[in-house]
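Here's entry.pdb, which has PDB, C-alpha atoms:
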```pdb
ATOM      1  CA  MET A   1     -54.706  65.302 -81.619
ATOM      2  CA  ILE A   2     -57.431  67.669 -80.366
ATOM      3  CA  GLU A   3     -55.004  69.455 -78.066
ATOM      4  CA  GLU A   4     -52.557  69.827 -80.945
ATOM      5  CA  ILE A   5     -55.251  71.319 -83.194
ATOM      6  CA  GLU A   6     -56.309  73.719 -80.414
ATOM      7  CA  ASN A   7     -52.737  74.963 -80.186
ATOM      8  CA  ILE A   8     -52.706  75.534 -83.933
ATOM      9  CA  ILE A   9     -56.040  77.352 -84.249
ATOM     10  CA  HIS A  10     -55.648  79.145 -80.903
ATOM     11  CA  GLN A  11     -59.120  78.278 -79.729
ATOM     12  CA  LYS A  12     -60.938  75.446 -78.004
ATOM     13  CA  VAL A  13     -62.386  72.735 -80.209
ATOM     14  CA  GLU A  14     -66.130  72.983 -79.731
ATOM     15  CA  THR A  15     -67.406  70.973 -82.699
ATOM     16  CA  ILE A  16     -65.955  68.279 -84.942
ATOM     17  CA  GLU A  17     -67.848  67.260 -88.076
ATOM     18  CA  PRO A  18     -66.601  64.456 -90.365
ATOM     19  CA  LEU A  19     -66.716  65.508 -94.016
ATOM     20  CA  LEU A  20     -67.342  62.969 -96.764
ATOM     21  CA  VAL A  21     -65.008  64.534 -99.298
ATOM     22  CA  GLY A  22     -61.964  63.105-101.042
ATOM     23  CA  LEU A  23     -60.862  59.501-101.057
ATOM     24  CA  SER A  24     -57.228  59.320-100.006
ATOM     25  CA  ASN A  25     -57.475  61.316 -96.753
ATOM     26  CA  ASP A  26     -59.817  61.918 -93.847
ATOM     27  CA  HIS A  27     -61.386  65.364 -93.467
ATOM     28  CA  VAL A  28     -63.104  67.068 -90.549
ATOM     29  CA  LEU A  29     -64.602  70.504 -89.986
ATOM     30  CA  ILE A  30     -63.588  72.132 -86.719
ATOM     31  CA  ASN A  31     -65.781  74.817 -85.145
ATOM     32  CA  HIS A  32     -67.536  75.330 -88.496
ATOM     33  CA  THR A  33     -64.433  77.290 -89.549
ATOM     34  CA  PHE A  34     -61.370  75.105 -90.042
ATOM     35  CA  PHE A  35     -61.071  72.413 -92.711
ATOM     36  CA  VAL A  36     -58.627  69.764 -91.476
ATOM     37  CA  ARG A  37     -57.108  67.139 -93.755
ATOM     38  CA  LEU A  38     -55.626  64.100 -92.032
ATOM     39  CA  ALA A  39     -53.605  61.477 -93.868
ATOM     40  CA  LYS A  40     -55.013  57.967 -93.647
ATOM     41  CA  LYS A  41     -52.802  55.406 -91.966
ATOM     42  CA  ASN A  42     -51.979  53.471 -95.106
ATOM     43  CA  GLY A  43     -48.328  54.359 -95.575
ATOM     44  CA  ARG A  44     -48.848  56.280 -98.810
ATOM     45  CA  LYS A  45     -45.767  56.557-100.980
ATOM     46  CA  ASP A  46     -47.261  58.486-103.866
ATOM     47  CA  VAL A  47     -47.326  61.980-102.328
ATOM     48  CA  ARG A  48     -44.640  64.370-101.083
ATOM     49  CA  PRO A  49     -46.035  66.573 -98.268
ATOM     50  CA  LYS A  50     -42.915  68.764 -98.170
ATOM     51  CA  GLU A  51     -43.401  69.780-101.787
ATOM     52  CA  GLU A  52     -47.119  70.358-101.351
ATOM     53  CA  ALA A  53     -46.446  72.541 -98.318
ATOM     54  CA  TRP A  54     -43.933  74.585-100.305
ATOM     55  CA  ILE A  55     -46.272  75.134-103.250
ATOM     56  CA  GLU A  56     -49.078  76.126-100.859
ATOM     57  CA  GLU A  57     -46.893  78.681 -99.094
ATOM     58  CA  LYS A  58     -45.449  80.046-102.340
ATOM     59  CA  TYR A  59     -48.454  80.038-104.648
ATOM     60  CA  GLY A  60     -51.544  78.988-102.673
ATOM     61  CA  ASN A  61     -53.177  82.429-102.681
ATOM     62  CA  LEU A  62     -52.754  82.587-106.434
ATOM     63  CA  PHE A  63     -54.959  79.531-107.012
ATOM     64  CA  HIS A  64     -57.351  79.405-104.048
ATOM     65  CA  PRO A  65     -57.484  82.786-102.302
ATOM     66  CA  SER A  66     -60.827  81.955-100.685
ATOM     67  CA  PHE A  67     -59.464  78.773 -99.096
ATOM     68  CA  PRO A  68     -56.045  79.709 -97.671
ATOM     69  CA  THR A  69     -53.847  77.104 -96.014
ATOM     70  CA  LEU A  70     -53.319  78.140 -92.398
ATOM     71  CA  PHE A  71     -51.071  75.322 -91.192
ATOM     72  CA  PHE A  72     -49.169  72.398 -92.673
ATOM     73  CA  ASP A  73     -47.375  69.715 -90.650
ATOM     74  CA  VAL A  74     -45.101  68.064 -93.214
ATOM     75  CA  ASP A  75     -44.043  65.176 -90.973
ATOM     76  CA  LYS A  76     -47.591  64.136 -90.067
ATOM     77  CA  ASN A  77     -49.132  65.373 -93.343
ATOM     78  CA  ILE A  78     -51.787  67.424 -91.562
ATOM     79  CA  LYS A  79     -53.172  70.440 -93.382
ATOM     80  CA  ILE A  80     -55.567  73.031 -91.965
ATOM     81  CA  SER A  81     -57.359  75.444 -94.282
ATOM     82  CA  LEU A  82     -59.994  78.121 -93.864
ATOM     83  CA  TYR A  83     -63.446  76.698 -94.550
ATOM     84  CA  GLN A  84     -65.944  78.646 -96.637
ATOM     85  CA  PRO A  85     -69.618  77.729 -96.088
ATOM     86  CA  HIS A  86     -70.950  78.858 -99.459
ATOM     87  CA  PHE A  87     -69.213  77.285-102.440
ATOM     88  CA  GLU A  88     -69.870  74.767-105.193
ATOM     89  CA  GLU A  89     -67.856  71.934-106.650
ATOM     90  CA  PHE A  90     -67.347  71.967-110.384
ATOM     91  CA  SER A  91     -69.661  69.599-112.233
ATOM     92  CA  SER A  92     -69.191  68.687-115.871
ATOM     93  CA  LEU A  93     -72.909  67.913-116.093
ATOM     94  CA  ASN A  94     -73.822  71.588-116.046
ATOM     95  CA  ALA A  95     -70.472  73.154-116.948
ATOM     96  CA  THR A  96     -70.507  76.507-118.708
ATOM     97  CA  LYS A  97     -68.021  77.809-121.246
ATOM     98  CA  GLU A  98     -66.973  80.465-118.756
ATOM     99  CA  GLN A  99     -66.097  77.770-116.220
ATOM    100  CA  LEU A 100     -64.066  75.851-118.804
ATOM    101  CA  LYS A 101     -62.207  79.053-119.666
ATOM    102  CA  GLN A 102     -61.450  79.706-115.999
ATOM    103  CA  ILE A 103     -60.121  76.184-115.475
ATOM    104  CA  ALA A 104     -57.969  76.419-118.600
ATOM    105  CA  THR A 105     -56.631  79.772-117.379
ATOM    106  CA  LEU A 106     -55.807  78.382-113.923
ATOM    107  CA  LEU A 107     -53.866  75.486-115.433
ATOM    108  CA  LYS A 108     -52.049  77.745-117.882
ATOM    109  CA  ARG A 109     -51.089  80.046-115.005
ATOM    110  CA  LEU A 110     -49.762  77.078-113.030
ATOM    111  CA  HIS A 111     -47.771  75.756-115.957
ATOM    112  CA  ALA A 112     -46.193  79.177-116.557
ATOM    113  CA  LEU A 113     -44.662  79.374-113.071
ATOM    114  CA  LYS A 114     -40.876  79.334-113.097
ATOM    115  CA  ASP A 115     -39.719  80.270-109.614
ATOM    116  CA  GLY A 116     -39.007  77.224-107.452
ATOM    117  CA  LYS A 117     -39.270  74.536-110.116
ATOM    118  CA  GLU A 118     -35.934  73.139-108.958
ATOM    119  CA  LEU A 119     -37.474  72.351-105.560
ATOM    120  CA  LEU A 120     -40.028  69.944-107.004
ATOM    121  CA  SER A 121     -39.622  66.310-108.009
ATOM    122  CA  PHE A 122     -40.601  64.777-111.314
ATOM    123  CA  PHE A 123     -44.010  63.119-111.210
ATOM    124  CA  GLU A 124     -42.846  60.151-113.377
ATOM    125  CA  PRO A 125     -46.242  58.792-114.519
ATOM    126  CA  LEU A 126     -44.879  55.525-115.930
ATOM    127  CA  LYS A 127     -43.026  54.736-112.712
ATOM    128  CA  ARG A 128     -46.184  55.466-110.734
ATOM    129  CA  MET A 129     -48.214  53.346-113.120
ATOM    130  CA  HIS A 130     -45.943  50.373-112.479
ATOM    131  CA  TYR A 131     -46.047  50.973-108.735
ATOM    132  CA  TYR A 132     -49.858  51.127-108.631
ATOM    133  CA  ARG A 133     -50.182  47.960-110.738
ATOM    134  CA  LYS A 134     -47.715  46.105-108.519
ATOM    135  CA  GLU A 135     -49.561  47.198-105.376
ATOM    136  CA  ALA A 136     -52.870  46.234-106.959
ATOM    137  CA  GLN A 137     -51.438  42.796-107.775
ATOM    138  CA  VAL A 138     -53.070  42.639-111.191
ATOM    139  CA  GLU A 139     -51.884  41.688-114.648
ATOM    140  CA  SER A 140     -50.861  44.369-117.136
ATOM    141  CA  HIS A 141     -53.702  45.921-119.073
ATOM    142  CA  PRO A 142     -53.606  45.025-122.810
ATOM    143  CA  LEU A 143     -52.990  48.685-123.680
ATOM    144  CA  GLU A 144     -50.151  49.219-121.211
ATOM    145  CA  LYS A 145     -47.362  48.189-123.588
ATOM    146  CA  ASP A 146     -48.540  50.562-126.297
ATOM    147  CA  ILE A 147     -48.888  53.461-123.843
ATOM    148  CA  GLU A 148     -45.469  52.771-122.387
ATOM    149  CA  GLU A 149     -43.727  52.516-125.752
ATOM    150  CA  ASN A 150     -45.235  55.790-127.010
ATOM    151  CA  TYR A 151     -44.298  57.842-123.943
ATOM    152  CA  THR A 152     -41.137  59.245-125.552
ATOM    153  CA  LYS A 153     -42.811  59.810-128.929
ATOM    154  CA  TYR A 154     -43.942  63.283-127.913
ATOM    155  CA  GLU A 155     -41.608  66.135-127.052
ATOM    156  CA  GLN A 156     -42.035  66.996-123.385
ATOM    157  CA  ASP A 157     -41.896  70.315-121.597
ATOM    158  CA  PHE A 158     -41.508  69.842-117.852
ATOM    159  CA  VAL A 159     -43.489  72.404-115.876
ATOM    160  CA  ILE A 160     -45.232  72.531-112.495
ATOM    161  CA  CYS A 161     -48.343  70.352-112.758
ATOM    162  CA  HIS A 162     -51.262  69.677-110.406
ATOM    163  CA  HIS A 163     -51.939  66.058-111.501
ATOM    164  CA  ASP A 164     -55.315  65.734-109.757
ATOM    165  CA  VAL A 165     -57.852  68.004-111.467
ATOM    166  CA  VAL A 166     -60.878  66.213-110.022
ATOM    167  CA  PRO A 167     -64.265  67.893-109.351
ATOM    168  CA  GLY A 168     -63.559  68.171-105.615
ATOM    169  CA  ASN A 169     -60.407  70.166-106.302
ATOM    170  CA  LEU A 170     -62.225  72.695-108.496
ATOM    171  CA  LEU A 171     -64.292  74.921-106.228
ATOM    172  CA  ILE A 172     -66.517  77.816-107.273
ATOM    173  CA  LYS A 173     -66.704  80.760-104.898
ATOM    174  CA  ASP A 174     -68.686  83.853-105.895
ATOM    175  CA  GLY A 175     -68.569  82.788-109.538
ATOM    176  CA  HIS A 176     -64.796  82.318-109.575
ATOM    177  CA  MET A 177     -63.115  78.945-110.075
ATOM    178  CA  GLU A 178     -60.372  78.038-107.585
ATOM    179  CA  LEU A 179     -57.930  75.120-107.712
ATOM    180  CA  ILE A 180     -57.097  73.433-104.397
ATOM    181  CA  ASP A 181     -55.214  70.383-103.058
ATOM    182  CA  PHE A 182     -51.752  70.215-104.625
ATOM    183  CA  GLU A 183     -51.056  66.830-103.027
ATOM    184  CA  TYR A 184     -49.723  65.347-106.283
ATOM    185  CA  VAL A 185     -47.775  68.436-107.373
ATOM    186  CA  GLY A 186     -44.643  67.770-109.407
ATOM    187  CA  LEU A 187     -42.852  68.416-112.653
ATOM    188  CA  ASP A 188     -44.450  66.951-115.750
ATOM    189  CA  ASP A 189     -45.639  67.780-119.239
ATOM    190  CA  PRO A 190     -48.588  70.225-119.152
ATOM    191  CA  TYR A 191     -50.631  67.826-121.281
ATOM    192  CA  PHE A 192     -50.960  65.598-118.220
ATOM    193  CA  ASP A 193     -53.072  68.242-116.463
ATOM    194  CA  LEU A 194     -55.144  68.938-119.562
ATOM    195  CA  ALA A 195     -55.926  65.246-119.892
ATOM    196  CA  SER A 196     -56.384  64.915-116.117
ATOM    197  CA  PHE A 197     -59.196  67.460-116.175
ATOM    198  CA  ILE A 198     -61.014  65.652-118.994
ATOM    199  CA  SER A 199     -60.414  62.155-117.611
ATOM    200  CA  GLU A 200     -61.190  62.888-113.965
ATOM    201  CA  ASN A 201     -64.363  64.770-114.801
ATOM    202  CA  ASN A 202     -65.438  62.056-117.258
ATOM    203  CA  ILE A 203     -66.044  64.558-120.039
ATOM    204  CA  ARG A 204     -66.978  62.778-123.267
ATOM    205  CA  ASP A 205     -68.443  65.662-125.285
ATOM    206  CA  GLN A 206     -65.844  66.493-127.942
ATOM    207  CA  GLN A 207     -67.172  70.027-128.392
ATOM    208  CA  MET A 208     -66.536  70.708-124.708
ATOM    209  CA  ILE A 209     -63.082  69.145-124.954
ATOM    210  CA  PHE A 210     -62.066  71.178-127.994
ATOM    211  CA  PHE A 211     -63.423  74.368-126.439
ATOM    212  CA  PHE A 212     -61.380  73.676-123.290
ATOM    213  CA  LEU A 213     -58.210  73.042-125.321
ATOM    214  CA  ALA A 214     -58.780  76.172-127.411
ATOM    215  CA  SER A 215     -59.213  78.169-124.196
ATOM    216  CA  TYR A 216     -55.875  76.855-122.956
ATOM    217  CA  PHE A 217     -53.934  77.409-126.195
ATOM    218  CA  LEU A 218     -55.803  80.665-126.974
ATOM    219  CA  ARG A 219     -56.413  79.257-130.463
ATOM    220  CA  GLU A 220     -57.736  76.117-132.087
ATOM    221  CA  PRO A 221     -55.462  73.152-131.249
ATOM    222  CA  GLN A 222     -53.292  71.818-134.042
ATOM    223  CA  GLU A 223     -53.441  68.216-135.229
ATOM    224  CA  LYS A 224     -50.193  67.256-133.472
ATOM    225  CA  GLU A 225     -51.470  68.830-130.238
ATOM    226  CA  ILE A 226     -54.718  66.882-130.444
ATOM    227  CA  GLU A 227     -52.763  63.669-131.022
ATOM    228  CA  LYS A 228     -50.562  64.330-127.982
ATOM    229  CA  PHE A 229     -53.585  65.172-125.861
ATOM    230  CA  ALA A 230     -55.266  61.905-126.914
ATOM    231  CA  TYR A 231     -52.164  60.000-125.815
ATOM    232  CA  TYR A 232     -52.072  61.681-122.400
ATOM    233  CA  LEU A 233     -55.761  60.967-121.994
ATOM    234  CA  LYS A 234     -55.022  57.250-122.322
ATOM    235  CA  LEU A 235     -52.077  57.565-119.950
ATOM    236  CA  ASN A 236     -54.284  59.233-117.329
ATOM    237  CA  ASP A 237     -57.001  56.616-117.658
ATOM    238  CA  LEU A 238     -54.569  53.722-117.260
ATOM    239  CA  LEU A 239     -52.649  55.327-114.402
ATOM    240  CA  TRP A 240     -55.756  55.993-112.315
ATOM    241  CA  TYR A 241     -57.257  52.649-113.327
ATOM    242  CA  TYR A 242     -54.339  50.930-111.599
ATOM    243  CA  TRP A 243     -54.544  53.386-108.697
ATOM    244  CA  ALA A 244     -58.222  52.548-108.157
ATOM    245  CA  LEU A 245     -57.485  48.822-108.225
ATOM    246  CA  MET A 246     -54.717  49.355-105.696
ATOM    247  CA  MET A 247     -56.996  51.321-103.403
ATOM    248  CA  GLU A 248     -59.763  48.730-103.756
ATOM    249  CA  ARG A 249     -57.354  46.000-102.720
ATOM    250  CA  LYS A 250     -56.185  47.995 -99.699
ATOM    251  CA  THR A 251     -59.537  49.325 -98.502
ATOM    252  CA  HIS A 252     -62.111  46.878 -99.954
ATOM    253  CA  GLN A 253     -64.385  49.844-100.704
ATOM    254  CA  GLU A 254     -66.710  49.469-103.687
ATOM    255  CA  ILE A 255     -66.180  53.078-104.799
ATOM    256  CA  TYR A 256     -62.757  52.112-106.112
ATOM    257  CA  GLN A 257     -64.229  49.290-108.205
ATOM    258  CA  GLU A 258     -66.549  51.856-109.779
ATOM    259  CA  ILE A 259     -63.661  54.229-110.492
ATOM    260  CA  ALA A 260     -61.589  51.439-112.052
ATOM    261  CA  LYS A 261     -64.522  50.412-114.240
ATOM    262  CA  GLU A 262     -65.082  53.997-115.397
ATOM    263  CA  LYS A 263     -61.389  54.472-116.209
ATOM    264  CA  GLU A 264     -61.191  51.191-118.091
ATOM    265  CA  GLU A 265     -64.302  52.011-120.137
ATOM    266  CA  HIS A 266     -62.889  55.428-120.971
ATOM    267  CA  LEU A 267     -59.568  53.835-121.876
ATOM    268  CA  ARG A 268     -61.277  51.566-124.411
ATOM    269  CA  SER A 269     -63.223  54.479-125.925
ATOM    270  CA  PRO A 270     -60.514  56.384-127.798
ATOM    271  CA  PHE A 271     -60.766  60.141-128.109
ATOM    272  CA  LEU A 272     -59.675  60.069-131.741
TER
END
```

Show the structure stored in the file as structure tokens.
Amino acid sequence: MIEEIENIIHQKVETIEPLLVGLSNDHVLINHTFFVRLAKKNGRKDVRPKEEAWIEEKYGNLFHPSFPTLFFDVDKNIKISLYQPHFEEFSSLNATKEQLKQIATLLKRLHALKDGKELLSFFEPLKRMHYYRKEAQVESHPLEKDIEENYTKYEQDFVICHHDVVPGNLLIKDGHMELIDFEYVGLDDPYFDLASFISENNIRDQQMIFFFLASYFLREPQEKEIEKFAYYLKLNDLLWYYWALMMERKTHQEIYQEIAKEKEEHLRSPFL
């Protein structure tokens, strides 16, 4: 592996530093310059490296110009990016309105992309939800039936979505927010990403949520839009609740128990 990386970066590997970031992959810093993401050997079936590689090549500089992807091996799911030493991760604990506006703008820009949509697969959240629950080997959550039955209640607009708007994928460089890691990219309703940001960052303050939505819509959200958002918030919580239980079963790491507990608590605390 080291020889292969040396051939890619065109220099000898002098230092290798493990990085404790992310949960689904391993990450190392090479020569204090190259950020290398290595897929864990767990036979993941919920990502499509070919589609991520395409979106990175086509649109990567639009969403994370400070952290360009330098190499992507689709078959081995190895990604090498330029590392920046001075950056921050987004934190909802001290989030500013300007940061919320920037995140809303990034997502709106992503959702507006048209070129290449036909090259991406549908994310299919309900299908993934069933897969994660099956792999977790747990009983259906009491709210699953209601969430499943209401999926077609809302008119859907399939656009390019990120699907993983977690703090570690929102990086601040020189005051500008950048969106990285399109591992779960796919076609879906834009409300999934809006709810993903709120769910994954565990934002409970309704004033912050409404400000974020207003920044996305460029106006105050309408009642029907708030209702749809509330539905997708539940869908996100349940989907990643099952995902965390699946990962806990496969890895036996306590962090996934904590994530599942947080998602379940959020799921039982309705937005409306």

Separation of CA of Phe34 in chain A from CA of Ile9 in chain A in Å
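Result for CA of Ile9 in chain A versus CA of Phe34 in chain A: 8.2 Å, one decimal.
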
For Phe212 in chain A, the nearest of the candidates A:Trp54, A:Glu98, A:Leu235, A:Phe158, counting only C-alpha atoms
A:Glu98

Show which residues sit within 10 Å of Leu213 in chain A, as number ranges by chain. Count all atoms listed in the file, and ignore same-chain residues fewer than 3 positions away.
A: 100-101, 104, 194-195, 207-210, 216-221, 225-226, 229

File of the preceding selection, C-alpha atoms, as a PDB file, keeping the file's coordinate frame:
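Saved file part38.pdb follows:
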```pdb
ATOM      1  CA  LEU A 100     -64.066  75.851-118.804  1.00  0.00           C
ATOM      2  CA  LYS A 101     -62.207  79.053-119.666  1.00  0.00           C
ATOM      3  CA  ALA A 104     -57.969  76.419-118.600  1.00  0.00           C
ATOM      4  CA  LEU A 194     -55.144  68.938-119.562  1.00  0.00           C
ATOM      5  CA  ALA A 195     -55.926  65.246-119.892  1.00  0.00           C
ATOM      6  CA  GLN A 207     -67.172  70.027-128.392  1.00  0.00           C
ATOM      7  CA  MET A 208     -66.536  70.708-124.708  1.00  0.00           C
ATOM      8  CA  ILE A 209     -63.082  69.145-124.954  1.00  0.00           C
ATOM      9  CA  PHE A 210     -62.066  71.178-127.994  1.00  0.00           C
ATOM     10  CA  TYR A 216     -55.875  76.855-122.956  1.00  0.00           C
ATOM     11  CA  PHE A 217     -53.934  77.409-126.195  1.00  0.00           C
ATOM     12  CA  LEU A 218     -55.803  80.665-126.974  1.00  0.00           C
ATOM     13  CA  ARG A 219     -56.413  79.257-130.463  1.00  0.00           C
ATOM     14  CA  GLU A 220     -57.736  76.117-132.087  1.00  0.00           C
ATOM     15  CA  PRO A 221     -55.462  73.152-131.249  1.00  0.00           C
ATOM     16  CA  GLU A 225     -51.470  68.830-130.238  1.00  0.00           C
ATOM     17  CA  ILE A 226     -54.718  66.882-130.444  1.00  0.00           C
ATOM     18  CA  PHE A 229     -53.585  65.172-125.861  1.00  0.00           C
TER      19      PHE A 229
END
```

Give me the residues near Phe63 in chain A as a PyMOL selection string, where near means some atom within 7 Å (using all atoms listed in the file) and where sequence neighbours in that chain fewer than 5 positions away do not count.
chain A and resi 178-180

Report, in Å with one decimal, the straight-line distance from CA of Asn77 in chain A to CA of Trp243 in chain A.
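Taking CA of Asn77 in chain A and CA of Trp243 in chain A, their separation equals 20.2 Å.
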
Please, what is the axis-aligned box for every listed atom of range 202-213 of chain A with 8 Å on each side, as centre and edge lengths in Å to one decimal, as AutoDock Vina command-line options?
```
--center_x -63.3 --center_y 68.2 --center_z -122.8 --size_x 26.2 --size_y 28.3 --size_z 27.1
```

How would range 25-39 of chain A look with N, CA and C atoms restored, written as a PDB file, keeping the file's coordinate frame?
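Result saved to out02.pdb:
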```pdb
ATOM      1  N   ASN A  25     -57.712  60.754 -98.081  1.00  0.00           N
ATOM      2  CA  ASN A  25     -57.475  61.316 -96.753  1.00  0.00           C
ATOM      3  C   ASN A  25     -58.774  61.384 -95.978  1.00  0.00           C
ATOM      4  N   ASP A  26     -58.657  61.644 -94.682  1.00  0.00           N
ATOM      5  CA  ASP A  26     -59.817  61.918 -93.847  1.00  0.00           C
ATOM      6  C   ASP A  26     -59.927  63.432 -93.683  1.00  0.00           C
ATOM      7  N   HIS A  27     -61.172  63.931 -93.583  1.00  0.00           N
ATOM      8  CA  HIS A  27     -61.386  65.364 -93.467  1.00  0.00           C
ATOM      9  C   HIS A  27     -62.421  65.639 -92.380  1.00  0.00           C
ATOM     10  N   VAL A  28     -62.149  66.656 -91.578  1.00  0.00           N
ATOM     11  CA  VAL A  28     -63.104  67.068 -90.549  1.00  0.00           C
ATOM     12  C   VAL A  28     -63.209  68.587 -90.563  1.00  0.00           C
ATOM     13  N   LEU A  29     -64.364  69.080 -90.109  1.00  0.00           N
ATOM     14  CA  LEU A  29     -64.602  70.504 -89.986  1.00  0.00           C
ATOM     15  C   LEU A  29     -64.614  70.850 -88.501  1.00  0.00           C
ATOM     16  N   ILE A  30     -63.719  71.736 -88.118  1.00  0.00           N
ATOM     17  CA  ILE A  30     -63.588  72.132 -86.719  1.00  0.00           C
ATOM     18  C   ILE A  30     -64.237  73.499 -86.507  1.00  0.00           C
ATOM     19  N   ASN A  31     -65.141  73.552 -85.534  1.00  0.00           N
ATOM     20  CA  ASN A  31     -65.781  74.817 -85.145  1.00  0.00           C
ATOM     21  C   ASN A  31     -66.425  75.549 -86.334  1.00  0.00           C
ATOM     22  N   HIS A  32     -66.871  74.781 -87.309  1.00  0.00           N
ATOM     23  CA  HIS A  32     -67.536  75.330 -88.496  1.00  0.00           C
ATOM     24  C   HIS A  32     -66.640  76.314 -89.261  1.00  0.00           C
ATOM     25  N   THR A  33     -65.331  76.277 -88.996  1.00  0.00           N
ATOM     26  CA  THR A  33     -64.433  77.290 -89.549  1.00  0.00           C
ATOM     27  C   THR A  33     -63.176  76.711 -90.185  1.00  0.00           C
ATOM     28  N   PHE A  34     -62.666  75.623 -89.614  1.00  0.00           N
ATOM     29  CA  PHE A  34     -61.370  75.105 -90.042  1.00  0.00           C
ATOM     30  C   PHE A  34     -61.523  73.736 -90.703  1.00  0.00           C
ATOM     31  N   PHE A  35     -61.033  73.649 -91.929  1.00  0.00           N
ATOM     32  CA  PHE A  35     -61.071  72.413 -92.711  1.00  0.00           C
ATOM     33  C   PHE A  35     -59.753  71.680 -92.469  1.00  0.00           C
ATOM     34  N   VAL A  36     -59.834  70.503 -91.863  1.00  0.00           N
ATOM     35  CA  VAL A  36     -58.627  69.764 -91.476  1.00  0.00           C
ATOM     36  C   VAL A  36     -58.520  68.491 -92.304  1.00  0.00           C
ATOM     37  N   ARG A  37     -57.383  68.344 -92.978  1.00  0.00           N
ATOM     38  CA  ARG A  37     -57.108  67.139 -93.755  1.00  0.00           C
ATOM     39  C   ARG A  37     -56.093  66.288 -93.012  1.00  0.00           C
ATOM     40  N   LEU A  38     -56.474  65.032 -92.763  1.00  0.00           N
ATOM     41  CA  LEU A  38     -55.626  64.100 -92.032  1.00  0.00           C
ATOM     42  C   LEU A  38     -55.286  62.924 -92.935  1.00  0.00           C
ATOM     43  N   ALA A  39     -54.016  62.596 -93.031  1.00  0.00           N
ATOM     44  CA  ALA A  39     -53.605  61.477 -93.868  1.00  0.00           C
ATOM     45  C   ALA A  39     -54.089  60.160 -93.266  1.00  0.00           C
TER      46      ALA A  39
END
```
